[in-house]
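What follows is the content of coords.csv (CSV, C-alpha atoms).
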chain,number,residue,atom,x,y,z
Z,1391,MET,CA,0.0,0.0,0.0
Z,1392,HIS,CA,1.2,3.5,-0.8
Z,1393,PHE,CA,0.4,6.5,1.4
Z,1394,ASP,CA,1.5,10.1,0.9
Z,1395,LYS,CA,2.3,10.6,4.6
Z,1396,THR,CA,2.1,8.9,8.0
Z,1397,LEU,CA,1.8,10.2,11.5
Z,1398,GLU,CA,2.9,8.2,14.5
Z,1399,LEU,CA,1.0,8.6,17.8
Z,1400,LEU,CA,1.5,7.1,21.2
Z,1401,LEU,CA,-1.8,6.4,22.9
Z,1402,VAL,CA,-1.8,7.8,26.5
Z,1403,HIS,CA,-4.3,8.7,29.2
Z,1404,CYS,CA,-4.0,10.5,32.5
Z,1405,GLN,CA,-6.6,9.5,35.0
Z,1406,GLY,CA,-8.9,8.6,32.2
Z,1407,GLU,CA,-8.4,11.7,30.0
Z,1408,LEU,CA,-7.0,10.8,26.6
Z,1409,GLY,CA,-3.9,12.8,25.7
Z,1410,HIS,CA,-2.3,11.1,22.8
Z,1411,VAL,CA,1.2,12.2,21.8
Z,1412,LEU,CA,2.1,12.9,18.1
Z,1413,VAL,CA,5.7,11.8,18.0
Z,1414,ASN,CA,6.6,11.5,14.3
Z,1415,GLY,CA,5.5,12.8,10.9
Z,1416,ALA,CA,4.0,16.2,11.7
Z,1417,PRO,CA,5.0,19.1,9.4
Z,1418,GLU,CA,7.2,21.8,10.9
Z,1419,VAL,CA,5.2,24.6,12.4
Z,1420,PRO,CA,6.7,28.1,11.8
Z,1421,GLY,CA,7.6,30.2,14.8
Z,1422,ALA,CA,10.7,31.3,16.8
Z,1423,THR,CA,9.0,30.3,20.1
Z,1424,MET,CA,6.5,27.8,21.2
Z,1425,LEU,CA,4.0,30.6,21.7
Z,1426,ASP,CA,4.6,31.7,18.1
Z,1427,LYS,CA,4.0,28.2,16.9
Z,1428,MET,CA,0.7,27.9,18.8
Z,1429,ASN,CA,-0.5,31.3,17.5
Z,1430,HIS,CA,0.4,30.1,14.0
Z,1431,ILE,CA,-1.8,27.1,14.4
Z,1432,ASN,CA,-4.6,29.2,15.8
Z,1433,THR,CA,-4.5,32.1,13.3
Z,1434,VAL,CA,-2.9,30.8,10.1
Z,1435,ASP,CA,-3.1,27.1,9.6
Z,1436,ALA,CA,-5.3,24.7,11.6
Z,1437,SER,CA,-5.1,21.8,9.1
Z,1438,LEU,CA,-2.9,19.5,11.3
Z,1439,ARG,CA,-5.0,20.2,14.4
Z,1440,ARG,CA,-8.3,19.4,12.5
Z,1441,PHE,CA,-6.8,16.3,11.0
Z,1442,VAL,CA,-5.8,14.7,14.3
Z,1443,THR,CA,-8.7,16.0,16.5
Z,1444,PHE,CA,-11.8,15.5,14.4
Z,1445,GLU,CA,-13.6,12.4,13.1
Z,1446,PRO,CA,-13.0,10.0,11.5
Z,1447,ARG,CA,-9.6,9.8,13.2
Z,1448,ALA,CA,-10.6,11.1,16.6
Z,1449,ASN,CA,-13.5,11.5,19.0
Z,1450,VAL,CA,-14.7,14.4,21.2
Z,1451,ALA,CA,-13.2,13.2,24.5
Z,1452,MET,CA,-9.5,13.5,23.6
Z,1453,SER,CA,-6.6,15.8,23.0
Z,1454,VAL,CA,-3.5,15.3,20.8
Z,1455,ASN,CA,-0.2,16.7,21.9
Z,1456,LEU,CA,2.1,17.9,19.1
Z,1457,LEU,CA,5.7,17.0,20.1
Z,1458,VAL,CA,8.2,19.4,18.6
Z,1459,ALA,CA,11.9,20.3,19.1
Z,1460,PRO,CA,12.3,22.9,21.9
Z,1461,THR,CA,12.9,26.5,21.0
Z,1462,ARG,CA,14.9,27.2,24.2
Z,1463,ASP,CA,18.2,25.7,25.3
Z,1464,ASP,CA,17.1,24.7,28.8
Z,1465,ALA,CA,14.3,22.3,27.6
Z,1466,ASP,CA,14.4,18.6,26.6
Z,1467,ALA,CA,11.3,18.8,24.3
Z,1468,GLY,CA,8.4,21.0,23.4
Z,1469,PHE,CA,4.7,20.4,23.0
Z,1470,ILE,CA,1.5,22.1,22.0
Z,1471,VAL,CA,-2.0,20.9,23.1
Z,1472,LEU,CA,-4.3,20.4,20.1
Z,1473,GLN,CA,-8.0,20.2,20.8
Z,1474,ALA,CA,-11.1,20.5,18.6
Z,1475,ASP,CA,-11.6,24.2,19.3
Z,1476,ARG,CA,-8.0,25.4,19.0
Z,1477,ALA,CA,-4.4,24.9,20.2
Z,1478,HIS,CA,-3.9,25.6,23.9
Z,1479,PRO,CA,-0.8,26.7,25.7
Z,1480,MET,CA,-0.8,24.3,28.6
Z,1481,SER,CA,-2.6,21.3,30.2
Z,1482,GLY,CA,-1.6,19.4,33.3
Z,1483,SER,CA,-3.1,16.1,32.3
Z,1484,ASN,CA,-1.6,16.4,28.8
Z,1485,CYS,CA,1.8,17.4,30.1
Z,1486,ILE,CA,1.8,14.3,32.3
Z,1487,CYS,CA,0.9,12.2,29.2
Z,1488,VAL,CA,3.8,13.8,27.3
Z,1489,VAL,CA,6.4,13.2,30.0
Z,1490,THR,CA,5.2,9.6,30.4
Z,1491,ALA,CA,5.4,9.0,26.6
Z,1492,LEU,CA,8.8,10.6,26.3
Z,1493,LEU,CA,10.3,8.4,29.0
Z,1494,GLU,CA,8.7,5.1,28.3
Z,1495,SER,CA,9.4,5.4,24.6
Z,1496,GLY,CA,13.1,6.3,25.2
Z,1497,ARG,CA,12.9,9.7,23.6
Z,1498,VAL,CA,14.2,11.1,26.8
Z,1499,ARG,CA,16.6,8.9,28.7
Z,1500,MET,CA,15.0,7.5,31.9
Z,1501,GLN,CA,16.9,7.6,35.1
Z,1502,GLU,CA,15.7,5.7,38.2
Z,1503,PRO,CA,14.4,6.5,40.7
Z,1504,GLU,CA,13.7,10.0,39.3
Z,1505,THR,CA,14.1,11.7,36.0
Z,1506,ILE,CA,13.8,15.5,35.5
Z,1507,VAL,CA,12.2,16.5,32.2
Z,1508,ARG,CA,12.0,20.1,31.1
Z,1509,LEU,CA,9.3,21.0,28.6
Z,1510,ASP,CA,9.0,24.1,26.4
Z,1511,THR,CA,5.3,25.1,26.2
Z,1512,PRO,CA,3.6,28.2,24.9
Z,1513,ALA,CA,2.8,29.1,28.5
Z,1514,GLY,CA,6.5,28.8,29.6
Z,1515,LEU,CA,9.0,26.3,30.9
Z,1516,ILE,CA,7.5,23.3,32.8
Z,1517,VAL,CA,9.8,21.3,35.0
Z,1518,ALA,CA,8.6,17.7,35.5
Z,1519,ARG,CA,9.9,15.2,38.0
Z,1520,ALA,CA,9.0,11.7,37.1
Z,1521,THR,CA,9.2,8.7,39.5
Z,1522,CYS,CA,10.6,5.8,37.5
Z,1523,GLU,CA,11.0,2.1,38.2
Z,1524,ASN,CA,11.7,-0.9,35.9
Z,1525,GLY,CA,11.3,1.2,32.8
Z,1526,ARG,CA,7.9,2.6,33.8
Z,1527,CYS,CA,6.9,6.1,34.8
Z,1528,LEU,CA,5.0,5.7,38.0
Z,1529,GLY,CA,4.1,9.3,38.6
Z,1530,VAL,CA,4.8,12.9,37.4
Z,1531,SER,CA,5.1,16.1,39.4
Z,1532,LEU,CA,4.8,19.3,37.3
Z,1533,ASP,CA,6.2,22.6,38.5
Z,1534,ASN,CA,3.6,24.7,36.6
Z,1535,VAL,CA,3.9,28.3,35.4
Z,1536,PRO,CA,3.1,31.1,37.8
Z,1537,SER,CA,-0.7,31.2,38.4
Z,1538,PHE,CA,-2.7,34.2,39.5
Z,1539,ALA,CA,-6.3,35.3,40.1
Z,1540,GLU,CA,-7.7,37.9,37.8
Z,1541,LEU,CA,-11.1,38.4,39.4
Z,1542,LEU,CA,-12.7,37.1,42.6
Z,1543,ASP,CA,-16.4,36.7,43.1
Z,1544,HIS,CA,-17.1,38.5,39.8
Z,1545,GLU,CA,-20.9,38.7,39.4
Z,1546,LEU,CA,-22.0,37.2,36.1
Z,1547,ASP,CA,-25.6,37.8,34.7
Z,1548,THR,CA,-27.1,34.6,33.3
Z,1549,PRO,CA,-30.5,34.0,31.7
Z,1550,LYS,CA,-30.9,30.6,33.3
Z,1551,TRP,CA,-29.4,30.9,36.8
Z,1552,GLY,CA,-29.7,34.6,37.6
Z,1553,ARG,CA,-26.6,36.4,38.9
Z,1554,ILE,CA,-23.9,34.0,39.9
Z,1555,LYS,CA,-20.3,34.5,41.2
Z,1556,VAL,CA,-17.3,33.5,39.2
Z,1557,ASP,CA,-13.6,33.6,39.9
Z,1558,VAL,CA,-11.4,34.1,36.9
Z,1559,ALA,CA,-7.8,32.9,37.2
Z,1560,PHE,CA,-4.8,31.8,35.1
Z,1561,GLY,CA,-3.2,28.4,35.7
Z,1562,GLY,CA,-1.5,27.9,32.3
Z,1563,VAL,CA,-4.7,29.0,30.6
Z,1564,TYR,CA,-7.6,31.2,31.8
Z,1565,TYR,CA,-10.5,29.6,33.7
Z,1566,GLY,CA,-13.8,30.7,34.9
Z,1567,LEU,CA,-14.2,28.9,38.3
Z,1568,VAL,CA,-17.8,28.3,39.4
Z,1569,ASP,CA,-19.1,26.7,42.6
Z,1570,VAL,CA,-21.4,24.1,41.2
Z,1571,GLY,CA,-24.2,24.6,43.7
Z,1572,GLN,CA,-25.0,27.9,42.0
Z,1573,ILE,CA,-26.4,26.1,39.0
Z,1574,GLY,CA,-28.3,23.5,40.9
Z,1575,LEU,CA,-26.1,20.5,39.9
Z,1576,THR,CA,-23.6,18.1,41.5
Z,1577,ILE,CA,-20.4,16.8,40.1
Z,1578,GLU,CA,-21.1,13.2,39.4
Z,1579,PRO,CA,-21.1,11.0,36.2
Z,1580,ASP,CA,-24.9,11.1,35.8
Z,1581,SER,CA,-24.7,14.9,35.5
Z,1582,ALA,CA,-21.9,15.0,32.9
Z,1583,ARG,CA,-24.1,16.1,30.0
Z,1584,GLU,CA,-25.9,18.9,32.0
Z,1585,LEU,CA,-22.5,20.1,33.4
Z,1586,ALA,CA,-21.0,20.1,29.9
Z,1587,GLU,CA,-23.8,22.2,28.4
Z,1588,ALA,CA,-23.9,24.5,31.4
Z,1589,GLY,CA,-20.1,25.1,31.2
Z,1590,ILE,CA,-20.2,26.0,27.5
Z,1591,GLU,CA,-23.1,28.4,28.1
Z,1592,LEU,CA,-21.2,30.1,30.9
Z,1593,LYS,CA,-18.0,30.3,28.8
Z,1594,HIS,CA,-19.8,32.3,26.2
Z,1595,LEU,CA,-21.5,34.5,28.7
Z,1596,LEU,CA,-18.1,35.2,30.2
Z,1597,ALA,CA,-16.6,35.9,26.8
Z,1598,ALA,CA,-19.3,38.6,26.3
Z,1599,GLN,CA,-19.0,40.1,29.8
Z,1600,VAL,CA,-15.3,39.7,30.9
Z,1601,GLY,CA,-12.2,40.4,29.0
Z,1602,VAL,CA,-8.8,38.8,29.8
Z,1603,LYS,CA,-5.3,39.3,28.4
Z,1604,HIS,CA,-2.2,37.7,29.8
Z,1605,PRO,CA,0.3,40.5,30.6
Z,1606,THR,CA,3.3,38.8,29.2
Z,1607,LEU,CA,2.0,36.1,26.7
Z,1608,PRO,CA,0.5,37.6,23.5
Z,1609,GLY,CA,-2.3,35.6,22.1
Z,1610,ILE,CA,-3.5,34.1,25.5
Z,1611,ASP,CA,-6.5,36.3,25.7
Z,1612,GLU,CA,-9.6,34.2,26.3
Z,1613,ILE,CA,-11.2,32.3,29.1
Z,1614,ALA,CA,-10.5,28.9,27.7
Z,1615,TYR,CA,-12.6,26.7,30.0
Z,1616,VAL,CA,-15.2,26.9,32.8
Z,1617,MET,CA,-14.4,24.6,35.7
Z,1618,PHE,CA,-17.1,23.7,38.3
Z,1619,ARG,CA,-15.9,22.9,41.8
Z,1620,ASP,CA,-17.2,21.7,45.1
Z,1621,MET,CA,-15.8,20.7,48.5
Z,1622,GLU,CA,-15.8,17.1,49.4
Z,1623,PRO,CA,-16.3,15.9,53.0
Z,1624,ASP,CA,-12.6,14.8,53.3
Z,1625,GLY,CA,-11.4,18.3,52.2
Z,1626,ALA,CA,-10.7,17.4,48.6
Z,1627,ILE,CA,-11.9,19.7,45.9
Z,1628,ARG,CA,-14.2,18.0,43.4
Z,1629,THR,CA,-13.5,19.4,39.9
Z,1630,CYS,CA,-15.3,19.3,36.5
Z,1631,THR,CA,-13.7,21.2,33.6
Z,1632,THR,CA,-15.9,21.7,30.6
Z,1633,LEU,CA,-14.5,21.9,27.1
Z,1634,GLU,CA,-16.0,22.9,23.7
Z,1635,PRO,CA,-18.1,21.9,22.0
Z,1636,GLY,CA,-19.6,20.4,25.2
Z,1637,ARG,CA,-17.9,17.7,27.2
Z,1638,VAL,CA,-16.2,17.2,30.6
Z,1639,ASP,CA,-12.6,16.5,31.4
Z,1640,ARG,CA,-12.1,13.0,32.7
Z,1641,SER,CA,-9.1,14.0,34.8
Z,1642,PRO,CA,-9.0,16.4,37.8
Z,1643,CYS,CA,-7.5,19.0,35.4
Z,1644,GLY,CA,-4.0,20.3,36.3
Z,1645,THR,CA,-4.2,23.8,34.9
Z,1646,GLY,CA,-7.7,24.2,36.3
Z,1647,SER,CA,-6.6,23.0,39.7
Z,1648,SER,CA,-3.7,25.4,39.4
Z,1649,ALA,CA,-6.1,28.3,38.7
Z,1650,ASN,CA,-8.2,27.2,41.7
Z,1651,LEU,CA,-5.1,27.1,43.8
Z,1652,ALA,CA,-4.4,30.7,42.7
Z,1653,SER,CA,-7.8,31.8,43.8
Z,1654,LEU,CA,-7.3,30.2,47.2
Z,1655,TYR,CA,-3.9,31.9,47.5
Z,1656,ALA,CA,-5.4,35.3,46.5
Z,1657,ARG,CA,-8.0,34.9,49.3
Z,1658,GLY,CA,-5.3,34.0,51.9
Z,1659,LEU,CA,-6.8,30.5,52.3
Z,1660,ILE,CA,-3.5,28.8,51.5
Z,1661,SER,CA,0.2,29.6,52.0
Z,1662,VAL,CA,3.4,28.3,50.4
Z,1663,GLY,CA,3.7,24.7,51.5
Z,1664,ASP,CA,0.0,24.0,51.6
Z,1665,GLY,CA,-1.7,21.6,49.2
Z,1666,ARG,CA,-5.1,20.2,48.2
Z,1667,THR,CA,-6.3,17.1,46.5
Z,1668,SER,CA,-8.3,17.6,43.3
Z,1669,ARG,CA,-10.8,14.8,42.5
Z,1670,SER,CA,-12.4,14.4,39.1
Z,1671,ILE,CA,-15.9,13.5,38.1
Z,1672,ILE,CA,-14.9,9.9,37.9
Z,1673,GLY,CA,-12.8,9.9,41.1
Z,1674,GLY,CA,-9.3,10.3,39.7
Z,1675,GLU,CA,-7.0,12.4,41.8
Z,1676,PHE,CA,-4.2,15.0,41.5
Z,1677,ARG,CA,-2.2,16.5,44.4
Z,1678,VAL,CA,-1.8,20.2,44.0
Z,1679,GLU,CA,0.7,22.2,46.1
Z,1680,ALA,CA,1.8,25.8,46.5
Z,1681,ILE,CA,5.6,25.6,46.2
Z,1682,GLY,CA,6.5,29.2,45.8
Z,1683,GLU,CA,5.3,32.7,45.2
Z,1684,THR,CA,6.2,35.3,42.7
Z,1685,LYS,CA,4.8,38.2,40.6
Z,1686,VAL,CA,3.6,38.4,37.0
Z,1687,ALA,CA,3.7,42.0,35.7
Z,1688,GLY,CA,3.2,43.1,39.3
Z,1689,ARG,CA,0.4,40.6,40.1
Z,1690,LYS,CA,0.7,38.4,43.1
Z,1691,ALA,CA,1.1,34.8,41.8
Z,1692,VAL,CA,1.6,31.3,43.2
Z,1693,ILE,CA,3.7,28.5,41.7
Z,1694,PRO,CA,1.8,25.3,41.7
Z,1695,ARG,CA,3.1,21.7,41.7
Z,1696,VAL,CA,0.7,19.2,40.2
Z,1697,THR,CA,1.2,15.4,40.8
Z,1698,GLY,CA,-0.5,12.6,38.9
Z,1699,ARG,CA,0.1,9.6,36.7
Z,1700,GLY,CA,-0.2,8.8,33.0
Z,1701,TYR,CA,-0.4,5.5,31.2
Z,1702,VAL,CA,0.9,4.6,27.7
Z,1703,TYR,CA,-1.5,1.9,26.4
Z,1704,GLY,CA,-0.7,1.6,22.8
Z,1705,ARG,CA,0.5,3.3,19.6
Z,1706,THR,CA,-1.1,4.0,16.2
Z,1707,GLU,CA,-0.2,5.2,12.8
Z,1708,LEU,CA,-2.4,7.6,10.9
Z,1709,ARG,CA,-2.0,7.3,7.1
Z,1710,VAL,CA,-2.7,10.3,4.9
Z,1711,SER,CA,-3.7,10.1,1.2
Z,1712,ASN,CA,-4.1,13.1,-1.0
Z,1713,ASP,CA,-7.5,11.7,-2.3
Z,1714,GLU,CA,-8.9,11.2,1.2
Z,1715,PRO,CA,-12.3,12.9,1.4
Z,1716,PHE,CA,-12.2,14.0,5.1
Z,1717,VAL,CA,-8.8,15.6,5.5
Z,1718,ALA,CA,-10.4,18.6,7.3
Z,1719,GLY,CA,-12.3,16.2,9.6
Z,1720,PHE,CA,-15.9,16.5,10.7
Z,1721,ALA,CA,-18.0,16.4,13.9
Z,1722,LEU,CA,-21.6,15.4,14.4
Z,1723,SER,CA,-24.0,16.5,17.2
Z,1724,ASP,CA,-25.0,12.9,18.0
Z,1725,THR,CA,-21.8,12.5,20.0
Z,1726,TRP,CA,-20.2,16.0,20.0
Z,1727,GLY,CA,-23.3,17.6,21.4
Z,1728,PRO,CA,-25.6,20.5,20.4
Z,1729,GLN,CA,-22.8,23.1,20.4
Z,1730,VAL,CA,-20.8,21.4,17.6
Z,1731,GLY,CA,-21.5,24.3,15.3
Z,1732,LEU,CA,-19.2,26.5,17.4
Z,1733,LEU,CA,-16.1,24.6,16.3
Z,1734,LYS,CA,-14.0,26.1,13.6
Write the structure described by the file as structure tokens, please.
Amino acid sequence: MHFDKTLELLLVHCQGELGHVLVNGAPEVPGATMLDKMNHINTVDASLRRFVTFEPRANVAMSVNLLVAPTRDDADAGFIVLQADRAHPMSGSNCICVVTALLESGRVRMQEPETIVRLDTPAGLIVARATCENGRCLGVSLDNVPSFAELLDHELDTPKWGRIKVDVAFGGVYYGLVDVGQIGLTIEPDSARELAEAGIELKHLLAAQVGVKHPTLPGIDEIAYVMFRDMEPDGAIRTCTTLEPGRVDRSPCGTGSSANLASLYARGLISVGDGRTSRSIIGGEFRVEAIGETKVAGRKAVIPRVTGRGYVYGRTELRVSNDEPFVAGFALSDTWGPQVGLLK
């Protein structure tokens, strides 16, 4: 069989959230920095993103991480998160998937009992510490980028739930953080569809009423996700991040948990050295700790450490032919939900 091009992906999940890693075959993306490359994908050429994140090669509940050579000397590798709506600058669960894939495939040399991997991302340098044994990656701790609160208890007018309060914070991307009781739901598997649709509705209301712009990272200028949260009896924080066109994150969400940590830090509810457990809608857990404090363009910020585990469960090869009828991909509302028309 003859094919014009092939792409090699390692199949990985982190606490149930699929974060496949595109390791070979991708075209070079222009840009002097990883942020430049992400912005090129988002504003100039989305063809690769669409090819690997839409049907018939993908499904709604997954991401693909584009592995590229780092653009900075202090990094071992670089990656960009590709999702159906756009390319994103950072994701905790996807970062854990990338570190696990790099080590278990031998692309970065594994050292036991711990390997340090430095990743170049559009949001900045991520330092990962992987616990390793017998050729396996048993856990990954990410020192995330500085995270900060933009707004606390911002009042948002909604047609369905009246006026609710939202925290807006940056944890690698911008989040709207909503206490789930305000919309009359609980974070449990049976509520996943209702939570997904509510989260997308709130995201668009936030876009209309709240503007954000990262002070040092051009192009990071939207609230990417709404994350619902609730307090568990044991002190853990139950999380549910919602993603376009309308689905929920299966993992506890590392960047969302970092944004939530920043909101707690801004309120004085945690200090450096404190931590919280983030628990997903299906019960997966991350440990999130405040390991330092800093400032971002004069804003008080916290440095989060997120710890979780990823699993490489296979590999696949995508074959591309020039006469293939669905190179741009497609999505249907039967599985992608009623908001599928919002995707570009």
Mind listing whatever residues come within 7 Å of the point (3.4, 32.1, 23.6)? Use only C-alpha atoms, file coordinates, and give them as a VMD selection string. chain Z and resid 1423 to 1426 1428 1512 to 1513 1607 to 1609
Using only C-alpha atoms, the best pick from Z:Leu1509, Z:Ala1448, Z:Ala1687, Z:Ala1491 as closest to Pro1605 (chain Z) would be Z:Ala1687
Closest contacts (region 1435-1522 of chain Z/region 1610-1629 of chain Z, max 12 Å, all atoms listed in the file) as JSON lines:
{"residue": "Z:Gln1473", "atom": "CA", "partner": "Z:Ala1614", "partner_atom": "CA", "distance": 11.4}
{"residue": "Z:Asp1475", "atom": "CA", "partner": "Z:Ala1614", "partner_atom": "CA", "distance": 9.7}
{"residue": "Z:Arg1476", "atom": "CA", "partner": "Z:Ala1614", "partner_atom": "CA", "distance": 9.7}
{"residue": "Z:Ala1477", "atom": "CA", "partner": "Z:Ala1614", "partner_atom": "CA", "distance": 10.5}
{"residue": "Z:His1478", "atom": "CA", "partner": "Z:Ala1614", "partner_atom": "CA", "distance": 8.3}
{"residue": "Z:Pro1479", "atom": "CA", "partner": "Z:Ile1610", "partner_atom": "CA", "distance": 7.9}
{"residue": "Z:Met1480", "atom": "CA", "partner": "Z:Ile1610", "partner_atom": "CA", "distance": 10.6}
{"residue": "Z:Ser1481", "atom": "CA", "partner": "Z:Ala1614", "partner_atom": "CA", "distance": 11.2}
{"residue": "Z:Pro1512", "atom": "CA", "partner": "Z:Ile1610", "partner_atom": "CA", "distance": 9.3}
{"residue": "Z:Ala1513", "atom": "CA", "partner": "Z:Ile1610", "partner_atom": "CA", "distance": 8.6}
Shell around region 1578-1583 of chain Z at 9 Å using only C-alpha atoms, local window under 4 positions removed, as a VMD selection string: chain Z and resid 1587 to 1588 1630 1636 to 1638 1670 to 1672 1727
Produce a table with one row for each residue of region 1577-1669 of chain Z that has an atom at most 12 Å from any atom of region 1452-1472 of chain Z, each row naming the nearest atom pair and its distance in Å at one decimal; use all atoms listed in the file; arrange rows by chain and rising residue number; format as JSON lines.
{"residue": "Z:Leu1633", "atom": "CA", "partner": "Z:Met1452", "partner_atom": "CA", "distance": 10.4}
{"residue": "Z:Glu1634", "atom": "CA", "partner": "Z:Met1452", "partner_atom": "CA", "distance": 11.4}
{"residue": "Z:Arg1637", "atom": "CA", "partner": "Z:Met1452", "partner_atom": "CA", "distance": 10.1}
{"residue": "Z:Val1638", "atom": "CA", "partner": "Z:Met1452", "partner_atom": "CA", "distance": 10.4}
{"residue": "Z:Asp1639", "atom": "CA", "partner": "Z:Met1452", "partner_atom": "CA", "distance": 8.9}
{"residue": "Z:Arg1640", "atom": "CA", "partner": "Z:Met1452", "partner_atom": "CA", "distance": 9.5}
{"residue": "Z:Ser1641", "atom": "CA", "partner": "Z:Met1452", "partner_atom": "CA", "distance": 11.2}
If I put a ball of radius 9 Å at (-1.8, 13.2, -0.1) in the file's coordinates, which residues poke into it when counting all atoms listed in the file, written as a PyMOL selection string?
chain Z and resi 1393-1395+1710-1714
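Nearest-residue note for Leu1708 (chain Z): choosing from Z:Gly1663, Z:Pro1694, Z:Pro1446, Z:Gly1658, the minimum distance belongs to Z:Pro1446, counting all atoms listed in the file.
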Between Z:Gly1731, Z:Gly1698, Z:Gly1644, Z:Gly1421, smallest distance to Gly1529 (chain Z) by all atoms listed in the file belongs to Z:Gly1698
Could you rebuild region 1719-1731 of chain Z with N, CA, C and O atoms and give me the result as a PDB file, in the coordinates of the input?
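part01.pdb, freshly written:
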ATOM      1  N   GLY Z1719     -11.594  16.800   8.477  1.00  0.00           N
ATOM      2  CA  GLY Z1719     -12.300  16.200   9.600  1.00  0.00           C
ATOM      3  C   GLY Z1719     -13.769  16.731   9.656  1.00  0.00           C
ATOM      4  O   GLY Z1719     -14.179  17.649   8.938  1.00  0.00           O
ATOM      5  N   PHE Z1720     -14.535  16.083  10.514  1.00  0.00           N
ATOM      6  CA  PHE Z1720     -15.900  16.500  10.700  1.00  0.00           C
ATOM      7  C   PHE Z1720     -16.338  16.120  12.131  1.00  0.00           C
ATOM      8  O   PHE Z1720     -15.670  15.353  12.822  1.00  0.00           O
ATOM      9  N   ALA Z1721     -17.457  16.692  12.567  1.00  0.00           N
ATOM     10  CA  ALA Z1721     -18.000  16.400  13.900  1.00  0.00           C
ATOM     11  C   ALA Z1721     -19.524  16.445  13.787  1.00  0.00           C
ATOM     12  O   ALA Z1721     -20.089  17.319  13.117  1.00  0.00           O
ATOM     13  N   LEU Z1722     -20.180  15.508  14.427  1.00  0.00           N
ATOM     14  CA  LEU Z1722     -21.600  15.400  14.400  1.00  0.00           C
ATOM     15  C   LEU Z1722     -22.215  15.547  15.788  1.00  0.00           C
ATOM     16  O   LEU Z1722     -21.628  15.086  16.771  1.00  0.00           O
ATOM     17  N   SER Z1723     -23.382  16.149  15.865  1.00  0.00           N
ATOM     18  CA  SER Z1723     -24.000  16.500  17.200  1.00  0.00           C
ATOM     19  C   SER Z1723     -24.450  15.253  17.936  1.00  0.00           C
ATOM     20  O   SER Z1723     -24.738  15.355  19.125  1.00  0.00           O
ATOM     21  N   ASP Z1724     -24.541  14.085  17.285  1.00  0.00           N
ATOM     22  CA  ASP Z1724     -25.000  12.900  18.000  1.00  0.00           C
ATOM     23  C   ASP Z1724     -24.058  12.555  19.163  1.00  0.00           C
ATOM     24  O   ASP Z1724     -24.486  12.129  20.237  1.00  0.00           O
ATOM     25  N   THR Z1725     -22.761  12.754  18.962  1.00  0.00           N
ATOM     26  CA  THR Z1725     -21.800  12.500  20.000  1.00  0.00           C
ATOM     27  C   THR Z1725     -21.081  13.767  20.489  1.00  0.00           C
ATOM     28  O   THR Z1725     -20.643  13.850  21.643  1.00  0.00           O
ATOM     29  N   TRP Z1726     -20.956  14.767  19.630  1.00  0.00           N
ATOM     30  CA  TRP Z1726     -20.200  16.000  20.000  1.00  0.00           C
ATOM     31  C   TRP Z1726     -21.116  16.991  20.690  1.00  0.00           C
ATOM     32  O   TRP Z1726     -20.626  17.975  21.235  1.00  0.00           O
ATOM     33  N   GLY Z1727     -22.422  16.783  20.686  1.00  0.00           N
ATOM     34  CA  GLY Z1727     -23.300  17.600  21.400  1.00  0.00           C
ATOM     35  C   GLY Z1727     -23.870  18.784  20.574  1.00  0.00           C
ATOM     36  O   GLY Z1727     -23.424  19.037  19.455  1.00  0.00           O
ATOM     37  N   PRO Z1728     -24.862  19.501  21.128  1.00  0.00           N
ATOM     38  CA  PRO Z1728     -25.600  20.500  20.400  1.00  0.00           C
ATOM     39  C   PRO Z1728     -24.738  21.758  20.014  1.00  0.00           C
ATOM     40  O   PRO Z1728     -25.131  22.538  19.163  1.00  0.00           O
ATOM     41  N   GLN Z1729     -23.574  21.933  20.672  1.00  0.00           N
ATOM     42  CA  GLN Z1729     -22.800  23.100  20.400  1.00  0.00           C
ATOM     43  C   GLN Z1729     -21.699  22.863  19.349  1.00  0.00           C
ATOM     44  O   GLN Z1729     -20.801  23.689  19.155  1.00  0.00           O
ATOM     45  N   VAL Z1730     -21.823  21.774  18.600  1.00  0.00           N
ATOM     46  CA  VAL Z1730     -20.800  21.400  17.600  1.00  0.00           C
ATOM     47  C   VAL Z1730     -20.569  22.479  16.592  1.00  0.00           C
ATOM     48  O   VAL Z1730     -19.454  22.657  16.078  1.00  0.00           O
ATOM     49  N   GLY Z1731     -21.597  23.256  16.268  1.00  0.00           N
ATOM     50  CA  GLY Z1731     -21.500  24.300  15.300  1.00  0.00           C
ATOM     51  C   GLY Z1731     -20.524  25.419  15.670  1.00  0.00           C
ATOM     52  O   GLY Z1731     -20.125  26.224  14.829  1.00  0.00           O
TER      53      GLY Z1731
END
